[in-house]
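K.L.:
Contents are JSON, C-alpha atoms; file name final12.json:
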[["chain", "number", "residue", "atom", "x", "y", "z"],
["A", 706, "MET", "CA", -3.92, 12.50, -12.38],
["A", 707, "ILE", "CA", -6.71, 12.16, -9.85],
["A", 708, "ASP", "CA", -10.11, 11.52, -11.37],
["A", 709, "MET", "CA", -11.99, 14.85, -11.08],
["A", 710, "GLN", "CA", -15.34, 13.09, -11.28],
["A", 711, "PHE", "CA", -14.41, 11.13, -8.18],
["A", 712, "LYS", "CA", -13.25, 14.23, -6.31],
["A", 713, "ASN", "CA", -16.46, 16.02, -7.19],
["A", 714, "LYS", "CA", -18.46, 13.10, -5.87],
["A", 715, "LEU", "CA", -16.89, 13.59, -2.45],
["A", 716, "ARG", "CA", -17.21, 17.35, -2.52],
["A", 717, "ARG", "CA", -20.42, 19.15, -1.77],
["A", 718, "ASP", "CA", -19.02, 22.65, -1.82],
["A", 719, "ASP", "CA", -15.77, 24.24, -2.91],
["A", 720, "ALA", "CA", -13.68, 23.33, 0.09],
["A", 721, "LYS", "CA", -15.13, 20.39, 1.94],
["A", 722, "PHE", "CA", -15.34, 16.68, 1.32],
["A", 723, "HIS", "CA", -18.21, 14.71, 2.80],
["A", 724, "VAL", "CA", -17.09, 11.18, 3.51],
["A", 725, "SER", "CA", -18.05, 8.14, 5.52],
["A", 726, "ILE", "CA", -15.38, 6.16, 7.28],
["A", 727, "LEU", "CA", -16.03, 2.43, 7.44],
["A", 728, "SER", "CA", -14.01, 0.77, 10.20],
["A", 729, "PHE", "CA", -13.49, -2.97, 10.57],
["A", 730, "ALA", "CA", -10.71, -5.34, 11.52],
["A", 731, "GLY", "CA", -8.47, -2.40, 12.38],
["A", 732, "ILE", "CA", -8.68, -0.71, 8.99],
["A", 733, "GLU", "CA", -10.61, 2.31, 7.77],
["A", 734, "LEU", "CA", -12.07, 2.78, 4.32],
["A", 735, "ILE", "CA", -13.15, 6.23, 3.17],
["A", 736, "VAL", "CA", -16.15, 6.30, 0.84],
["A", 737, "PRO", "CA", -18.23, 9.17, -0.56],
["A", 738, "GLN", "CA", -21.08, 9.91, 1.82],
["A", 739, "SER", "CA", -23.40, 10.17, -1.17],
["A", 740, "GLU", "CA", -22.98, 6.43, -1.76],
["A", 741, "ILE", "CA", -24.30, 5.45, 1.69],
["A", 742, "LEU", "CA", -27.93, 4.48, 1.30],
["A", 743, "SER", "CA", -28.42, 3.52, 4.92],
["A", 744, "ILE", "CA", -26.71, 2.37, 8.07],
["A", 745, "GLU", "CA", -28.40, -0.44, 9.97],
["A", 746, "SER", "CA", -27.43, -0.84, 13.61],
["A", 747, "ILE", "CA", -30.04, -3.50, 14.09],
["A", 748, "TYR", "CA", -30.10, -5.75, 11.12],
["A", 749, "GLU", "CA", -31.60, -9.14, 10.47],
["A", 750, "LEU", "CA", -29.08, -11.21, 8.62],
["A", 751, "GLU", "CA", -30.31, -14.25, 6.78],
["A", 752, "THR", "CA", -27.19, -16.35, 6.94],
["A", 753, "ASN", "CA", -25.99, -17.94, 3.76],
["A", 754, "HIS", "CA", -25.26, -21.63, 3.89],
["A", 755, "GLY", "CA", -24.45, -22.08, 0.22],
["A", 756, "ASN", "CA", -21.27, -21.53, -1.70],
["A", 757, "GLU", "CA", -21.88, -17.84, -2.28],
["A", 758, "ARG", "CA", -19.14, -15.39, -1.36],
["A", 759, "HIS", "CA", -21.45, -13.23, 0.73],
["A", 760, "ILE", "CA", -22.07, -14.01, 4.36],
["A", 761, "GLY", "CA", -25.84, -13.72, 3.98],
["A", 762, "VAL", "CA", -28.58, -11.35, 2.88],
["A", 763, "ILE", "CA", -30.65, -8.55, 4.38],
["A", 764, "HIS", "CA", -33.95, -7.29, 3.06],
["A", 765, "LYS", "CA", -33.94, -3.70, 1.86],
["A", 766, "GLN", "CA", -36.69, -2.06, -0.18],
["A", 767, "ASP", "CA", -38.13, -5.50, -0.98],
["A", 768, "ILE", "CA", -34.77, -6.57, -2.38],
["A", 769, "LYS", "CA", -32.53, -9.26, -1.00],
["A", 770, "LEU", "CA", -29.15, -7.58, -0.67],
["A", 771, "PRO", "CA", -25.95, -9.57, -0.38],
["A", 772, "VAL", "CA", -23.96, -8.81, 2.76],
["A", 773, "TYR", "CA", -20.16, -9.01, 2.67],
["A", 774, "CYS", "CA", -17.70, -9.12, 5.48],
["A", 775, "PHE", "CA", -13.99, -8.43, 5.01],
["A", 776, "SER", "CA", -10.89, -9.26, 6.99],
["A", 777, "LYS", "CA", -8.04, -6.78, 7.56],
["A", 778, "SER", "CA", -6.49, -7.85, 4.27],
["A", 779, "MET", "CA", -9.91, -7.58, 2.57],
["A", 780, "ASP", "CA", -10.32, -11.29, 2.11],
["A", 781, "ILE", "CA", -13.93, -12.34, 2.37],
["A", 782, "TYR", "CA", -15.04, -13.88, 5.66],
["A", 783, "LYS", "CA", -17.50, -16.75, 5.40],
["A", 784, "SER", "CA", -18.49, -16.68, 9.05],
["A", 785, "LEU", "CA", -19.63, -13.72, 11.09],
["A", 786, "PRO", "CA", -17.03, -12.09, 13.40],
["A", 787, "GLU", "CA", -18.32, -10.85, 16.76],
["A", 788, "ASP", "CA", -17.33, -7.22, 16.29],
["A", 789, "ARG", "CA", -19.46, -6.23, 13.29],
["A", 790, "PHE", "CA", -22.12, -4.09, 14.91],
["A", 791, "GLN", "CA", -23.22, -2.06, 11.90],
["A", 792, "CYS", "CA", -24.35, -2.92, 8.42],
["A", 793, "VAL", "CA", -23.91, -0.27, 5.75],
["A", 794, "VAL", "CA", -25.84, -0.34, 2.49],
["A", 795, "LEU", "CA", -23.77, 1.07, -0.36],
["A", 796, "LYS", "CA", -25.41, 2.21, -3.58],
["A", 797, "HIS", "CA", -24.20, 3.68, -6.83],
["A", 798, "ASP", "CA", -26.55, 3.62, -9.84],
["A", 799, "GLU", "CA", -27.67, 0.00, -10.14],
["A", 800, "VAL", "CA", -24.97, -1.40, -7.87],
["A", 801, "MET", "CA", -26.13, -2.06, -4.32],
["A", 802, "PHE", "CA", -24.78, -4.32, -1.58],
["A", 803, "SER", "CA", -24.04, -4.31, 2.15],
["A", 804, "LEU", "CA", -20.90, -4.46, 4.21],
["A", 805, "LEU", "CA", -20.57, -5.37, 7.85],
["A", 806, "CYS", "CA", -18.46, -2.92, 9.84],
["A", 807, "TYR", "CA", -17.38, -2.31, 13.39],
["A", 808, "GLU", "CA", -18.29, 1.34, 13.11],
["A", 809, "ILE", "CA", -19.36, 3.87, 10.49],
["A", 810, "THR", "CA", -18.72, 7.56, 11.02],
["A", 811, "ASN", "CA", -19.50, 10.53, 8.84],
["A", 812, "ALA", "CA", -16.94, 13.30, 8.52],
["A", 813, "VAL", "CA", -16.55, 16.57, 6.70],
["A", 814, "ILE", "CA", -12.93, 17.05, 5.80],
["A", 815, "SER", "CA", -11.61, 20.33, 4.47],
["A", 816, "ASP", "CA", -7.95, 19.40, 4.34],
["A", 817, "ILE", "CA", -7.56, 16.25, 2.26],
["A", 818, "GLU", "CA", -5.03, 15.39, -0.42],
["A", 819, "PHE", "CA", -5.61, 12.49, -2.83],
["A", 820, "HIS", "CA", -2.81, 10.35, -4.19],
["A", 821, "ASN", "CA", -2.77, 7.59, -6.76],
["A", 822, "ILE", "CA", -1.83, 4.14, -5.50],
["A", 823, "PRO", "CA", 1.96, 3.84, -6.04],
["A", 824, "ILE", "CA", 2.59, 2.06, -9.34],
["A", 825, "CYS", "CA", 5.05, -0.41, -7.82],
["A", 826, "MET", "CA", 2.25, -1.92, -5.69],
["A", 827, "ASN", "CA", -0.72, -1.46, -8.01],
["A", 828, "ASN", "CA", -1.40, -5.02, -9.14],
["A", 829, "ASN", "CA", -5.02, -4.17, -10.10],
["A", 830, "LEU", "CA", -6.27, -6.30, -7.18],
["A", 831, "ILE", "CA", -6.22, -3.52, -4.61],
["A", 832, "PRO", "CA", -9.82, -2.57, -3.75],
["A", 833, "LEU", "CA", -9.04, 1.14, -3.47],
["A", 834, "THR", "CA", -9.36, 4.07, -5.84],
["A", 835, "HIS", "CA", -6.83, 6.31, -4.08],
["A", 836, "LEU", "CA", -4.80, 6.85, -0.96],
["A", 837, "CYS", "CA", -5.16, 10.13, 0.86],
["A", 838, "MET", "CA", -3.70, 12.33, 3.57],
["A", 839, "TYR", "CA", -6.04, 14.26, 5.77],
["A", 840, "LYS", "CA", -6.20, 16.06, 9.06],
["A", 841, "GLY", "CA", -7.79, 13.84, 11.71],
["A", 842, "ALA", "CA", -9.99, 15.07, 14.55],
["A", 843, "ASP", "CA", -6.89, 15.48, 16.74],
["A", 844, "GLY", "CA", -5.25, 17.72, 14.12],
["A", 845, "ALA", "CA", -2.60, 15.16, 13.17],
["A", 846, "ARG", "CA", -1.98, 14.14, 9.54],
["A", 847, "LYS", "CA", -3.47, 10.74, 8.80],
["A", 848, "LEU", "CA", -3.19, 8.29, 5.95],
["A", 849, "GLY", "CA", -6.44, 7.07, 4.50],
["A", 850, "MET", "CA", -7.64, 4.48, 2.03],
["A", 851, "VAL", "CA", -10.28, 5.70, -0.39],
["A", 852, "THR", "CA", -12.71, 3.44, -2.20],
["A", 853, "SER", "CA", -16.13, 3.52, -3.81],
["A", 854, "THR", "CA", -19.16, 1.28, -4.28],
["A", 855, "VAL", "CA", -18.15, 0.49, -7.87],
["A", 856, "CYS", "CA", -14.55, -0.26, -6.92],
["A", 857, "LEU", "CA", -15.60, -2.59, -4.08],
["A", 858, "ASN", "CA", -18.16, -4.28, -6.30],
["A", 859, "GLU", "CA", -15.56, -4.91, -9.01],
["A", 860, "TYR", "CA", -13.23, -6.29, -6.36],
["A", 861, "ILE", "CA", -15.90, -8.67, -5.03],
["A", 862, "ASN", "CA", -16.69, -9.82, -8.56],
["A", 863, "LYS", "CA", -13.01, -10.52, -9.20],
["A", 864, "LEU", "CA", -12.98, -12.78, -6.15],
["A", 865, "LYS", "CA", -15.97, -14.76, -7.38],
["B", 981, "MET", "CA", 28.57, 10.19, -6.46],
["B", 982, "ASN", "CA", 31.85, 11.36, -4.93],
["B", 983, "THR", "CA", 34.85, 9.89, -6.67],
["B", 984, "ASP", "CA", 38.46, 9.70, -5.60],
["B", 985, "ASP", "CA", 41.31, 7.28, -6.20],
["B", 986, "LYS", "CA", 39.63, 4.69, -3.98],
["B", 987, "GLY", "CA", 36.36, 4.73, -5.94],
["B", 988, "VAL", "CA", 32.87, 6.12, -5.48],
["B", 989, "THR", "CA", 30.86, 6.31, -2.28],
["B", 990, "ALA", "CA", 27.79, 4.12, -2.03],
["B", 991, "TRP", "CA", 25.37, 3.11, 0.69],
["B", 992, "LEU", "CA", 25.22, -0.57, 1.56],
["B", 993, "LEU", "CA", 21.74, -1.63, 2.62],
["B", 994, "GLN", "CA", 21.31, -4.92, 4.40],
["B", 995, "VAL", "CA", 17.92, -6.10, 3.15],
["B", 996, "ASP", "CA", 18.14, -9.68, 4.36],
["B", 997, "ARG", "CA", 20.26, -11.59, 6.86],
["B", 998, "LEU", "CA", 22.65, -12.51, 4.07],
["B", 999, "VAL", "CA", 22.08, -9.93, 1.34],
["B", 1000, "ASN", "CA", 23.38, -6.40, 0.95],
["B", 1001, "VAL", "CA", 22.49, -4.13, -1.93],
["B", 1002, "ALA", "CA", 24.07, -0.82, -2.87],
["B", 1003, "ILE", "CA", 22.60, 2.51, -3.90],
["B", 1004, "GLY", "CA", 24.22, 5.84, -4.74],
["B", 1005, "GLN", "CA", 25.38, 8.14, -2.00],
["B", 1006, "PHE", "CA", 22.74, 10.77, -2.72],
["B", 1007, "GLU", "CA", 19.85, 8.38, -3.27],
["B", 1008, "LEU", "CA", 19.48, 7.67, 0.45],
["B", 1009, "ILE", "CA", 17.96, 10.70, 2.07],
["B", 1010, "HIS", "CA", 16.52, 9.59, 5.39],
["B", 1011, "ILE", "CA", 16.19, 6.69, 7.82],
["B", 1012, "ILE", "CA", 12.97, 5.99, 9.71],
["B", 1013, "ASP", "CA", 13.22, 3.95, 12.87],
["B", 1014, "LYS", "CA", 10.08, 1.95, 13.70],
["B", 1015, "PRO", "CA", 7.76, 3.60, 11.20],
["B", 1016, "ASP", "CA", 3.97, 3.49, 11.37],
["B", 1017, "TYR", "CA", 3.19, 1.21, 8.47],
["B", 1018, "MET", "CA", -0.21, 1.31, 6.83],
["B", 1019, "PRO", "CA", -0.79, -2.06, 5.14],
["B", 1020, "ILE", "CA", -2.59, -1.80, 1.80],
["B", 1021, "PRO", "CA", -5.05, -4.66, 1.33],
["B", 1022, "GLN", "CA", -4.25, -7.08, -1.51],
["B", 1023, "ALA", "CA", -0.98, -5.31, -2.39],
["B", 1024, "PRO", "CA", 1.93, -7.62, -3.30],
["B", 1025, "GLU", "CA", 3.61, -9.17, -0.26],
["B", 1026, "TYR", "CA", 6.94, -7.49, -1.09],
["B", 1027, "CYS", "CA", 5.32, -4.05, -1.19],
["B", 1028, "LYS", "CA", 2.31, -4.21, 1.10],
["B", 1029, "ASP", "CA", 2.93, -1.12, 3.23],
["B", 1030, "VAL", "CA", 3.05, 2.63, 2.86],
["B", 1031, "VAL", "CA", 4.34, 5.18, 5.35],
["B", 1032, "LEU", "CA", 3.68, 8.86, 5.76],
["B", 1033, "TRP", "CA", 6.92, 10.80, 5.49],
["B", 1034, "ASN", "CA", 7.29, 14.57, 5.12],
["B", 1035, "SER", "CA", 3.76, 14.86, 3.72],
["B", 1036, "ASN", "CA", 4.45, 12.12, 1.17],
["B", 1037, "ILE", "CA", 2.81, 8.72, 0.91],
["B", 1038, "VAL", "CA", 5.79, 6.42, 0.46],
["B", 1039, "PRO", "CA", 5.55, 2.78, -0.70],
["B", 1040, "VAL", "CA", 7.85, 0.47, 1.26],
["B", 1041, "MET", "CA", 9.65, -2.46, -0.39],
["B", 1042, "SER", "CA", 10.65, -5.61, 1.44],
["B", 1043, "LEU", "CA", 13.36, -7.03, -0.79],
["B", 1044, "ALA", "CA", 13.65, -9.98, 1.58],
["B", 1045, "SER", "CA", 10.01, -10.88, 0.77],
["B", 1046, "TRP", "CA", 10.62, -10.40, -2.93],
["B", 1047, "LEU", "CA", 13.67, -12.66, -2.83],
["B", 1048, "THR", "CA", 11.97, -15.48, -1.00],
["B", 1049, "SER", "CA", 8.36, -14.86, -2.14],
["B", 1050, "GLU", "CA", 7.44, -15.26, 1.51],
["B", 1051, "MET", "CA", 6.16, -13.02, 4.23],
["B", 1052, "GLN", "CA", 9.00, -11.66, 6.38],
["B", 1053, "LEU", "CA", 8.84, -10.46, 9.93],
["B", 1054, "ASP", "CA", 9.96, -6.86, 10.23],
["B", 1055, "SER", "CA", 13.12, -7.53, 12.20],
["B", 1056, "THR", "CA", 14.45, -4.11, 13.17],
["B", 1057, "GLY", "CA", 11.77, -1.86, 11.74],
["B", 1058, "VAL", "CA", 14.24, 0.38, 9.95],
["B", 1059, "VAL", "CA", 13.25, 1.91, 6.62],
["B", 1060, "ALA", "CA", 15.58, 3.73, 4.25],
["B", 1061, "ILE", "CA", 13.86, 6.55, 2.38],
["B", 1062, "VAL", "CA", 15.28, 6.85, -1.11],
["B", 1063, "VAL", "CA", 14.71, 9.41, -3.86],
["B", 1064, "TYR", "CA", 14.43, 8.73, -7.57],
["B", 1065, "GLU", "CA", 13.09, 10.28, -10.76],
["B", 1066, "ASP", "CA", 10.03, 8.78, -12.39],
["B", 1067, "LYS", "CA", 9.52, 8.59, -16.18],
["B", 1068, "GLN", "CA", 8.20, 12.16, -16.21],
["B", 1069, "GLY", "CA", 11.35, 13.37, -14.45],
["B", 1070, "LYS", "CA", 9.55, 14.09, -11.19],
["B", 1071, "HIS", "CA", 11.21, 13.38, -7.86],
["B", 1072, "LYS", "CA", 9.55, 10.51, -6.01],
["B", 1073, "PHE", "CA", 10.25, 8.77, -2.73],
["B", 1074, "GLY", "CA", 10.35, 5.09, -1.87],
["B", 1075, "GLY", "CA", 11.12, 3.10, 1.25],
["B", 1076, "ILE", "CA", 13.28, -0.02, 1.59],
["B", 1077, "LYS", "CA", 13.02, -2.23, 4.69],
["B", 1078, "LEU", "CA", 16.40, -2.93, 6.25],
["B", 1079, "SER", "CA", 17.72, -5.54, 8.65],
["B", 1080, "ASN", "CA", 20.38, -3.16, 9.94],
["B", 1081, "ALA", "CA", 21.37, 0.48, 9.74],
["B", 1082, "PRO", "CA", 23.00, 1.35, 6.37],
["B", 1083, "VAL", "CA", 26.76, 1.80, 6.07],
["B", 1084, "GLN", "CA", 28.85, 3.69, 3.54],
["B", 1085, "ALA", "CA", 31.49, 2.00, 1.40],
["B", 1086, "LYS", "CA", 33.90, 2.92, -1.38],
["B", 1087, "VAL", "CA", 33.42, 0.98, -4.59],
["B", 1088, "ASN", "CA", 35.80, 0.95, -7.55],
["B", 1089, "ASN", "CA", 35.73, -0.52, -11.06],
["B", 1090, "GLY", "CA", 38.06, -3.35, -10.08],
["B", 1091, "GLN", "CA", 35.34, -4.80, -7.84],
["B", 1092, "GLN", "CA", 32.80, -5.23, -10.66],
["B", 1093, "CYS", "CA", 31.41, -8.76, -11.08],
["B", 1094, "GLN", "CA", 28.55, -10.65, -12.74],
["B", 1095, "LEU", "CA", 25.24, -11.52, -11.12],
["B", 1096, "THR", "CA", 25.20, -15.30, -11.08],
["B", 1097, "GLY", "CA", 23.37, -18.15, -9.39],
["B", 1098, "ASP", "CA", 21.08, -16.99, -6.62],
["B", 1099, "PHE", "CA", 21.66, -13.39, -7.65],
["B", 1100, "ASP", "CA", 20.19, -13.84, -11.14],
["B", 1101, "LYS", "CA", 16.85, -12.47, -9.92],
["B", 1102, "TRP", "CA", 18.49, -9.10, -9.23],
["B", 1103, "ARG", "CA", 19.03, -8.43, -12.95],
["B", 1104, "LYS", "CA", 15.48, -7.00, -13.09],
["B", 1105, "VAL", "CA", 16.36, -4.11, -10.81],
["B", 1106, "SER", "CA", 20.14, -3.80, -10.96],
["B", 1107, "LEU", "CA", 22.41, -1.41, -12.79],
["B", 1108, "SER", "CA", 25.49, -3.50, -12.10],
["B", 1109, "SER", "CA", 27.11, -5.45, -9.27],
["B", 1110, "PHE", "CA", 30.39, -5.74, -7.41],
["B", 1111, "LYS", "CA", 32.19, -7.95, -4.95],
["B", 1112, "SER", "CA", 32.47, -6.57, -1.45],
["B", 1113, "LYS", "CA", 35.68, -6.77, 0.55],
["B", 1114, "ALA", "CA", 34.19, -9.83, 2.29],
["B", 1115, "GLY", "CA", 33.72, -11.47, -1.13],
["B", 1116, "ASP", "CA", 29.93, -11.18, -1.29],
["B", 1117, "ILE", "CA", 28.13, -10.20, -4.48],
["B", 1118, "VAL", "CA", 26.38, -6.84, -4.03],
["B", 1119, "PRO", "CA", 23.80, -5.72, -6.64],
["B", 1120, "ILE", "CA", 23.71, -1.97, -7.34],
["B", 1121, "ILE", "CA", 20.03, -1.10, -7.38],
["B", 1122, "ASP", "CA", 18.35, 0.98, -10.07],
["B", 1123, "VAL", "CA", 16.06, 2.75, -7.63],
["B", 1124, "SER", "CA", 13.66, 4.15, -10.23],
["B", 1125, "LYS", "CA", 13.23, 0.67, -11.71],
["B", 1126, "LEU", "CA", 12.65, -0.84, -8.27],
["B", 1127, "PHE", "CA", 9.71, 1.50, -7.71],
["B", 1128, "SER", "CA", 8.31, 1.11, -11.24],
["B", 1129, "ARG", "CA", 5.99, -1.71, -12.34],
["B", 1130, "VAL", "CA", 8.91, -3.98, -13.14],
["B", 1131, "LEU", "CA", 8.47, -6.34, -10.18],
["B", 1132, "LEU", "CA", 4.76, -6.75, -10.93],
["B", 1133, "SER", "CA", 5.42, -8.27, -14.35]]
Would you write the structure of this file as structure tokens?

P.N.:
Amino acid sequence: MIDMQFKNKLRRDDAKFHVSILSFAGIELIVPQSEILSIESIYELETNHGNERHIGVIHKQDIKLPVYCFSKSMDIYKSLPEDRFQCVVLKHDEVMFSLLCYEITNAVISDIEFHNIPICMNNNLIPLTHLCMYKGADGARKLGMVTSTVCLNEYINKLK
Amino acid sequence: MNTDDKGVTAWLLQVDRLVNVAIGQFELIHIIDKPDYMPIPQAPEYCKDVVLWNSNIVPVMSLASWLTSEMQLDSTGVVAIVVYEDKQGKHKFGGIKLSNAPVQAKVNNGQQCQLTGDFDKWRKVSLSSFKSKAGDIVPIIDVSKLFSRVLLS
């Protein structure tokens, strides 16, 4: 069963889902648009030189926010790749952190189908809530990986 | 399965350079040549990809990776799409990476053998096993078990 609360979070009216697509390292993560606090194209990253998992911090609303950077396999990078042009601030309730991305696009998708992660691969380490099929801009069916701020935060904490 | 005096028909799937497994004749429903894999981050190495097939999201098993616990290069890029019933009795689809195109074979009771030595690992996902005409041990895969949580434990 797909979590209705999650579906409702993505949906703003009866038929359409409002999502943001975070692209980096050749992958795309779909998150609810309502969880995007801001997108920073010009960001001042205070690089971390300690043993923390984050790559550094940015200042947002007088708070130092940890900034994370993932590889294609969602391992945490400790040094900054050249192709991370945008910094997205994700927020859900008290959970707030930033991710470095190549690109962030907003989309309204009317034709999307959510699927649970197949049980044979679900080792509880996968930082996704669902997989999905949706119609891309070119009209072709696409596979997508759906996640959320809470899911990513739990994943980061597991890595700590 | 179709039976006659020579035995039942099965599909032989070459999953590794040296290993064939068998599944029932009607469990193999399609072959995809050079599929578009979507890797799922942090998924187990032996099941790290899904493919889109007939409006289904299909997990793809690399039994070669499972056997060796190592990453395998996708040699031919052929995936067998198989069908099975889950615990709720619903039809589900899975993919198995192959080294070669599948071939059909007749299998009879006289060929039955035990899984021994290197093949011990197959007990987790096998219904039975037999000796091929070339003398190799061939596990008969329980497809629904293969795509359950059994390999995760």

K.L.:
Using all atoms listed in the file, I'd like every residue of chain A that has an atom within 10 Å of chain B; please write them out as a PyMOL selection string.

P.N.:
chain A and resi 732+776-780+818-833+836-838+846-850

K.L.:
For the residues in the current selection, export C-alpha atoms as a PDB file, keeping the file's coordinate frame.

P.N.:
ATOM      1  CA  ILE A 732      -8.680  -0.710   8.990  1.00  0.00           C
ATOM      2  CA  SER A 776     -10.890  -9.260   6.990  1.00  0.00           C
ATOM      3  CA  LYS A 777      -8.040  -6.780   7.560  1.00  0.00           C
ATOM      4  CA  SER A 778      -6.490  -7.850   4.270  1.00  0.00           C
ATOM      5  CA  MET A 779      -9.910  -7.580   2.570  1.00  0.00           C
ATOM      6  CA  ASP A 780     -10.320 -11.290   2.110  1.00  0.00           C
ATOM      7  CA  GLU A 818      -5.030  15.390  -0.420  1.00  0.00           C
ATOM      8  CA  PHE A 819      -5.610  12.490  -2.830  1.00  0.00           C
ATOM      9  CA  HIS A 820      -2.810  10.350  -4.190  1.00  0.00           C
ATOM     10  CA  ASN A 821      -2.770   7.590  -6.760  1.00  0.00           C
ATOM     11  CA  ILE A 822      -1.830   4.140  -5.500  1.00  0.00           C
ATOM     12  CA  PRO A 823       1.960   3.840  -6.040  1.00  0.00           C
ATOM     13  CA  ILE A 824       2.590   2.060  -9.340  1.00  0.00           C
ATOM     14  CA  CYS A 825       5.050  -0.410  -7.820  1.00  0.00           C
ATOM     15  CA  MET A 826       2.250  -1.920  -5.690  1.00  0.00           C
ATOM     16  CA  ASN A 827      -0.720  -1.460  -8.010  1.00  0.00           C
ATOM     17  CA  ASN A 828      -1.400  -5.020  -9.140  1.00  0.00           C
ATOM     18  CA  ASN A 829      -5.020  -4.170 -10.100  1.00  0.00           C
ATOM     19  CA  LEU A 830      -6.270  -6.300  -7.180  1.00  0.00           C
ATOM     20  CA  ILE A 831      -6.220  -3.520  -4.610  1.00  0.00           C
ATOM     21  CA  PRO A 832      -9.820  -2.570  -3.750  1.00  0.00           C
ATOM     22  CA  LEU A 833      -9.040   1.140  -3.470  1.00  0.00           C
ATOM     23  CA  LEU A 836      -4.800   6.850  -0.960  1.00  0.00           C
ATOM     24  CA  CYS A 837      -5.160  10.130   0.860  1.00  0.00           C
ATOM     25  CA  MET A 838      -3.700  12.330   3.570  1.00  0.00           C
ATOM     26  CA  ARG A 846      -1.980  14.140   9.540  1.00  0.00           C
ATOM     27  CA  LYS A 847      -3.470  10.740   8.800  1.00  0.00           C
ATOM     28  CA  LEU A 848      -3.190   8.290   5.950  1.00  0.00           C
ATOM     29  CA  GLY A 849      -6.440   7.070   4.500  1.00  0.00           C
ATOM     30  CA  MET A 850      -7.640   4.480   2.030  1.00  0.00           C
TER      31      MET A 850
END

K.L.:
What's the 8 Å shell around region 1103-1109 of chain B, counting all atoms listed in the file, without same-chain residues fewer than 3 positions away, as a PyMOL selection string?

P.N.:
chain B and resi 1092-1095+1099-1100+1117-1123+1125-1126+1130-1131

K.L.:
Please enclose the listed atoms of region 773-779 of chain A in an axis-aligned box, pad each side by 3 Å, and write out the centre and the three edge lengths in Å, rounded to one decimal, as AutoDock Vina command-line options.

P.N.:
--center_x -13.3 --center_y -8.0 --center_z 5.1 --size_x 19.7 --size_y 8.5 --size_z 11.0

K.L.:
Please provide as an mmCIF file with C-alpha atoms, in the coordinates of the input all residues within 8 Å of Val762 (chain A), with the sequence filter that same-chain residues fewer than 3 positions apart are discarded (counting only C-alpha atoms).

P.N.:
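Result file is selection-v6.cif:
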data_model
loop_
_atom_site.group_PDB
_atom_site.id
_atom_site.type_symbol
_atom_site.label_atom_id
_atom_site.label_comp_id
_atom_site.auth_asym_id
_atom_site.auth_seq_id
_atom_site.Cartn_x
_atom_site.Cartn_y
_atom_site.Cartn_z
ATOM 1 C CA LEU A 750 -29.080 -11.210 8.620
ATOM 2 C CA GLU A 751 -30.310 -14.250 6.780
ATOM 3 C CA THR A 752 -27.190 -16.350 6.940
ATOM 4 C CA ASN A 753 -25.990 -17.940 3.760
ATOM 5 C CA HIS A 759 -21.450 -13.230 0.730
ATOM 6 C CA LYS A 769 -32.530 -9.260 -1.000
ATOM 7 C CA LEU A 770 -29.150 -7.580 -0.670
ATOM 8 C CA PRO A 771 -25.950 -9.570 -0.380
ATOM 9 C CA VAL A 772 -23.960 -8.810 2.760
#

K.L.:
Given the point (17.0, -5.6, -0.9) in the file's coordinates, find the residues that have an atom at most 9 Å from it, counting all atoms listed in the file, and give them as number ranges by chain.

P.N.:
B: 993-996, 999-1002, 1041-1047, 1076-1078, 1119, 1121

K.L.:
Excluding region 1056-1069 of chain B and residues on its chain fewer than 5 positions from it, collect all residues at most 6 Å away from it, counting all atoms listed in the file, and give them as a ChimeraX atom specification.

P.N.:
/B:1007-1014,1074-1079,1124

K.L.:
With C-alpha atoms retained, export the selected residues as a CSV table (one decimal), keeping the file's coordinate frame.

P.N.:
chain,number,residue,atom,x,y,z
B,1007,GLU,CA,19.8,8.4,-3.3
B,1008,LEU,CA,19.5,7.7,0.4
B,1009,ILE,CA,18.0,10.7,2.1
B,1010,HIS,CA,16.5,9.6,5.4
B,1011,ILE,CA,16.2,6.7,7.8
B,1012,ILE,CA,13.0,6.0,9.7
B,1013,ASP,CA,13.2,4.0,12.9
B,1014,LYS,CA,10.1,2.0,13.7
B,1074,GLY,CA,10.4,5.1,-1.9
B,1075,GLY,CA,11.1,3.1,1.2
B,1076,ILE,CA,13.3,0.0,1.6
B,1077,LYS,CA,13.0,-2.2,4.7
B,1078,LEU,CA,16.4,-2.9,6.2
B,1079,SER,CA,17.7,-5.5,8.6
B,1124,SER,CA,13.7,4.2,-10.2

K.L.:
So which one's closest to Glu859 (chain A), A:Ile744, A:Ile817, A:Val800, A:Ala842? Using all atoms listed in the file, please.

P.N.:
A:Val800

K.L.:
Need the shell around Met801 (chain A): protein/DNA/RNA residues with any atom at most 9 Å away, counting only C-alpha atoms. Skip same-chain ones fewer than 5 positions apart. Format as a list in words?

P.N.:
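That gives Leu742, Leu770, Pro771, Val794, Leu795, Lys796, Thr854 and Asn858 of chain A.
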
K.L.:
For C-alpha atoms, I'd like the residues from the last selection saved as a PDB file, in the frame of the given file.

P.N.:
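Listing of selection-v5.pdb after writing:
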ATOM      1  CA  LEU A 742     -27.930   4.480   1.300  1.00  0.00           C
ATOM      2  CA  LEU A 770     -29.150  -7.580  -0.670  1.00  0.00           C
ATOM      3  CA  PRO A 771     -25.950  -9.570  -0.380  1.00  0.00           C
ATOM      4  CA  VAL A 794     -25.840  -0.340   2.490  1.00  0.00           C
ATOM      5  CA  LEU A 795     -23.770   1.070  -0.360  1.00  0.00           C
ATOM      6  CA  LYS A 796     -25.410   2.210  -3.580  1.00  0.00           C
ATOM      7  CA  THR A 854     -19.160   1.280  -4.280  1.00  0.00           C
ATOM      8  CA  ASN A 858     -18.160  -4.280  -6.300  1.00  0.00           C
TER       9      ASN A 858
END

K.L.:
For Asn1034 (chain B), which of B:Phe1073, B:Phe1110, B:Trp991, B:Trp1102 is the closest residue, counting all atoms listed in the file?

P.N.:
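Nearest to Asn1034 (chain B): B:Phe1073.
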